[in-house]
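Notes follow once the structure below has been shown.
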4 protein chains.
Amino acid sequence: MTPLETANFLYKQDAFSQWMGIEILEIKEKYCLIKMPIKAEMINGLKTVHGGITFAFADSALAFSSNNDGNAAVALNCVINFTNAVRLGDTLFAESKLITETRKTGIYDILIKNQHEELVASFRGTVYKINKKVVDL
Amino acid sequence: MTPLETANFLYKQDAFSQWMGIEILEIKEKYCLIKMPIKAEMINGLKTVHGGITFAFADSALAFSSNNDGNAAVALNCVINFTNAVRLGDTLFAESKLITETRKTGIYDILIKNQHEELVASFRGTVYKINKKVVDL
Amino acid sequence: MTPLETANFLYKQDAFSQWMGIEILEIKEKYCLIKMPIKAEMINGLKTVHGGITFAFADSALAFSSNNDGNAAVALNCVINFTNAVRLGDTLFAESKLITETRKTGIYDILIKNQHEELVASFRGTVYKINKKVVDL
Amino acid sequence: MTPLETANFLYKQDAFSQWMGIEILEIKEKYCLIKMPIKAEMINGLKTVHGGITFAFADSALAFSSNNDGNAAVALNCVINFTNAVRLGDTLFAESKLITETRKTGIYDILIKNQHEELVASFRGTVYKINKKVVDL
């Protein structure tokens with residue numbers, strides 16, 4: 001499978017990315033660009049978008065980039081900096097790029113922007129390659 | 001309002017925590033214990049629970065603890081370590097404790113365990129107190 | 001070698017921990033408590049202790065705890081929250097505890113306090129076990 | 001003072017950056033590029049460079065970039081990913097760039113490379129602006 005086919009294969013099994021309404025815009029090996037409109041169920045108790053939604057959107061970008069060569073990788077840890085509030089009506093874009101990798105680990109940086117190209121969050125994920133094929137899970 | 005009343009006030013406005021099915025088990029000032037059963041929409045492309053769900057659950061614990069004295073606080077950044085896979089049928093518990101705070105910032109540690117008391121993730125959040133009351137947002 | 005013997009073996013090779021003047025107070029398997037007095041060379045441009053010194057002290061605690069069963073582990077990533085300034089004349093204490101581990105990775109939490117038992121920083125390190133013995137490096 | 005003058009002013013007070021042998025190569029507002037040769041006192045118990053040295057070098061880059069407009073900023077928290085071992089004889093370079101800022105906070109990304117342009121660590125720091133001038137501290 002190509003990286004795009006692998007990302008689409010993952011997406012079809014990924015119930016939560018589907019619930020969030022994520023759209024895959026571009027896939028290259030160990031890279032992706034994805035999009036998500038904000039909906040009413042995503043709001044938190046302070047009337048902005050729940051930080052978990054922004055994180056989950058970035059985490060989906062991590063999955064669609066770090067697994068798309070067909071080798072399964074799982075997140076060991078992630079750090080997210082929130083830089084601007086997200087609100088109902090916004091549309092988010094996440095771009096994930098591989099920073100560096102070893103045989104067993106990889107580090108990805110993901111920028112999350114809104115429709116005005118303002119950075120709303122910056123995410124770094126460290127993944128561990130579990131030595132299994134995505135199709136075998 | 002007491003810390004419990006404030007947490008309940010937040011919960012009533014928090015559409016995503018409601019969607020996740022979070023239940024508040026215990027509230028003390030700057031502390032909370034919450035619960036969430038895993039449902040089918042929470043699964044990812046590798047057939048385990050989406051890391052964004054685990055993060056969002058912890059982030060809700062951060063909100064219900066760090067805002068419950070009535071002063072609004074927003075997350076500046078968060079780090080999460082994933083230690084065990086979560087699966088459909090599991091029930092998660094998150095306990096949030098204040099580690100330290102200054103006039104403007106606070107640090108909370110949150111342990112997320114499953115129904116077997118196994119640690120599935122460890123979360124640390126740094127919040128910034130925005131100098132507004134929760135009820136005024 | 002016992003955990004204490006392994007920690008002492010590491011310390012003898014650890015030129016920077018020696019430069020910092022670290023003293024090992026207590027070693028148990030995957031645990032340590034260490035101490036360090038602040039000296040003039042540790043000050044930064046804002047006239048407090050350089051954040052790198054506080055981090056390095058915690059990172060030494062990570063090494064003396066995560067390697068002391070004889071199996072070499074290296075830090076994959078670390079996060080530190082600075083909570084109080086450290087000044088010339090202070091003495092720091094770091095206590096490192098294993099939070100959770102898998103066959104290949106481990107997570108440690110380290111609290112750094114001053115001589116008044118005030119928390120000055122909180123550190124979390126994720127290590128990767130490189131499948132070599134400490135004595136063979 | 002210009003950003004370069006402010007960085008030099010900081011460096012003259014910064015005993016630990018001097019001990020490390022840091023050289024400032026380039027300063028622009030909220031940006032810096034610095035250099036450091038590895039020396040024998042920087043080695044750890046596993047015979048590579050102590051992670052605290054790599055962190056401290058990056059933390060100095062954070063200081064020389066985030067304070068160089070004359071307004072004092074202190075690190076709230078930092079995360080570092082270690083990607084390649086550093087050894088005696090290596091020379092490190094750190095480049096610090098502002099990612100985003102608000103009135104009170106800023107986020108900087110710092111890449112640390114060796115003399116072969118290999119990434120040895122990636123660092124992200126969140127600073128808090130303490131509302132004081134650098135020259136008044």
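The way I read the labels, and the way they are meant: chains A, B, ... in the order of the structure tokens, residue 1 as the first residue of every chain, and ligand 1 as the first ligand shown, with later ones counted on from there.
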
Please check the contacts: residues of chain B at most 9 Å away from chain C, using only C-alpha atoms, listed as a compact mmCIF listing (two decimals) with N, CA and C atoms, in the first residue's frame.
```txt
# COMPACT_ATOMS: atom_id res chain seq x y z
N VAL B 79 1.58 17.59 29.16
CA VAL B 79 2.37 16.48 28.65
C VAL B 79 1.70 15.20 29.13
N ASN B 81 2.12 10.87 29.11
CA ASN B 81 2.86 9.63 28.85
C ASN B 81 1.83 8.50 28.80
N THR B 83 1.06 4.63 28.99
CA THR B 83 1.78 3.51 29.59
C THR B 83 1.12 2.15 29.33
N ASN B 84 -0.16 2.13 29.04
CA ASN B 84 -0.83 0.88 28.71
C ASN B 84 -1.96 1.18 27.73
N ILE B 99 -0.02 20.22 42.30
CA ILE B 99 1.35 20.00 42.77
C ILE B 99 1.90 21.28 43.39
N THR B 100 1.71 22.37 42.69
CA THR B 100 2.22 23.64 43.19
C THR B 100 1.54 24.76 42.42
N GLU B 101 1.48 25.95 43.00
CA GLU B 101 0.90 27.07 42.26
C GLU B 101 1.54 28.38 42.68
N THR B 102 1.48 29.34 41.76
CA THR B 102 1.84 30.71 42.07
C THR B 102 0.55 31.52 41.91
N GLY B 106 -0.46 27.33 37.83
CA GLY B 106 -0.60 26.14 38.67
C GLY B 106 -0.17 24.91 37.88
N ILE B 107 0.32 23.90 38.60
CA ILE B 107 0.73 22.64 37.97
C ILE B 107 -0.06 21.51 38.63
N LEU B 119 -2.15 1.74 35.65
CA LEU B 119 -1.92 3.08 35.10
C LEU B 119 -1.93 3.00 33.57
N SER B 122 -0.17 9.05 32.32
CA SER B 122 0.20 9.99 33.35
C SER B 122 0.29 11.36 32.67
N THR B 126 0.00 22.48 33.04
CA THR B 126 0.32 23.79 33.58
C THR B 126 -0.78 24.75 33.17
```

Next item on the list: Give the helix (DSSP H, G or I) residues of chain B, as assigned by DSSP on the backbone, as an MDAnalysis selection string.
Entry: chainID B and resid 3:13 15:20 40:42 51:66 134:136

Item checked: Minimum-distance residue to Asn44 of chain B, chosen among B:Lys104, B:Lys97, B:Lys129, B:Arg87 (using only C-alpha atoms) ->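 The closest residue to Asn44 of chain B is B:Arg87.
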
Next item on the list: Tell me, as an MDAnalysis selection string, which residues lie within 7 Å of Ala94 of chain C, counting only C-alpha atoms; anything in the same chain fewer than 2 positions away does not count.
Entry: chainID C and resid 33:35 58 61 92 96 110:113

Margin query: As an exercise, work out the distance from atom CA of Leu76 of chain A to atom CA of Lys133 of chain A in Å and give it to one decimal place.
Written below: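 The value is 17.8 Å.
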
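In this comparison, which uses only C-alpha atoms, the residue of A:Leu4, A:Ile22, A:Ala15, A:Val74 approaching Lys39 of chain A most closely is A:Ile22.
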
Check: Leaving out Pro3 of chain D and any residue of its chain fewer than 6 positions from it, which residues lie within 7 Å of it when counting only C-alpha atoms, given as a VMD selection string?
Finding: chain D and resid 27 to 29 68 to 69

Take the residues just selected and output them with N, CA and C atoms as a compact mmCIF listing (two decimals), in the first residue's frame.
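Dumped to selection-v1.txt:
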```txt
# COMPACT_ATOMS: atom_id res chain seq x y z
N ILE D 27 22.64 37.10 16.99
CA ILE D 27 21.48 37.53 17.79
C ILE D 27 20.59 38.39 16.90
N LYS D 28 19.30 38.04 16.86
CA LYS D 28 18.29 38.93 16.31
C LYS D 28 17.17 39.00 17.36
N GLU D 29 16.26 39.93 17.22
CA GLU D 29 15.23 40.03 18.24
C GLU D 29 14.50 38.69 18.38
N ASN D 68 16.16 39.04 24.94
CA ASN D 68 17.03 40.01 24.27
C ASN D 68 16.34 41.28 23.81
N ASP D 69 15.03 41.38 24.00
CA ASP D 69 14.37 42.69 23.78
C ASP D 69 14.40 43.53 25.06
```

Note to self: Please identify the strand (DSSP E or B) residues within chain A (assignment by DSSP from backbone atoms) and present them as a PyMOL selection string.
What the structure shows: chain A and resi 23-28+31-37+43+49+71-82+91-101+105-113+119-133

Distance query Val49 of chain C at most 10 Å, only C-alpha atoms, self and fewer than 2 positions along chain excluded, as a CSV table (one decimal) with C-alpha atoms, in the first residue's frame:
```
chain,number,residue,atom,x,y,z
C,38,ILE,CA,24.6,25.5,44.9
C,39,LYS,CA,27.9,27.2,44.0
C,40,ALA,CA,28.8,30.4,42.3
C,41,GLU,CA,29.5,28.9,38.9
C,42,MET,CA,25.8,27.8,38.7
C,43,ILE,CA,24.3,31.3,38.4
C,44,ASN,CA,22.7,32.6,35.2
C,45,GLY,CA,22.3,36.0,33.6
C,46,LEU,CA,19.2,36.9,35.7
C,47,LYS,CA,21.2,36.2,38.9
C,51,GLY,CA,17.7,26.2,34.8
C,52,GLY,CA,20.2,23.8,33.2
C,53,ILE,CA,21.7,23.1,36.6
C,54,THR,CA,18.4,22.2,38.1
C,85,ALA,CA,13.7,30.3,41.8
C,86,VAL,CA,16.9,28.7,43.2
C,87,ARG,CA,19.6,31.0,44.6
C,88,LEU,CA,23.2,30.9,45.7
C,90,ASP,CA,20.5,27.0,48.6
D,14,ASP,CA,25.9,34.3,33.4
D,15,ALA,CA,28.6,32.3,35.2
D,16,PHE,CA,27.3,28.9,34.1
```

Next item on the list: May I ask for the distance between atom CA of Cys32 of chain B and atom CA of Glu5 of chain B, given in Å to one decimal place?
Entry: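 Here the two named atoms are 12.6 Å from each other.
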
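Shell of Ile80 of chain C at 6 Å, with only C-alpha atoms counted and residues fewer than 3 places along the chain excluded, is Ser122 and Phe123 of chain C; Asn77 and Cys78 of chain D.
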
Write a file of the selected residues as a JSON list (two decimals), in the first residue's frame, keeping N, CA and C atoms.
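Written output follows (result.json):
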```json
[["chain", "number", "residue", "atom", "x", "y", "z"],
["C", 122, "SER", "N", 9.74, 20.24, 39.08],
["C", 122, "SER", "CA", 9.15, 18.91, 38.98],
["C", 122, "SER", "C", 9.54, 18.37, 37.60],
["C", 123, "PHE", "N", 10.07, 17.16, 37.57],
["C", 123, "PHE", "CA", 10.72, 16.61, 36.37],
["C", 123, "PHE", "C", 10.12, 15.25, 36.06],
["D", 77, "ASN", "N", 8.26, 26.03, 31.81],
["D", 77, "ASN", "CA", 8.57, 24.62, 31.64],
["D", 77, "ASN", "C", 9.23, 24.39, 30.29],
["D", 78, "CYS", "N", 9.93, 23.27, 30.20],
["D", 78, "CYS", "CA", 10.70, 22.93, 29.01],
["D", 78, "CYS", "C", 10.59, 21.44, 28.80]]
```

Check: What lies within 9 Å of Val135 of chain A using only C-alpha atoms, ignoring chain neighbours under 3 positions off, as a list in words?
Finding: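 Returned residues: Thr6, Phe9, Leu10, Gly70, Asn71, Ala72 and Lys132 of chain A; Leu46 of chain B.
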
Check: Looking at B:Asn131, B:Ala56, B:Phe93, B:Asn67, which one is nearest to Met36 of chain B, with distances taken over only C-alpha atoms?
Finding: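 For Met36 of chain B, the nearest of the given residues is B:Phe93.
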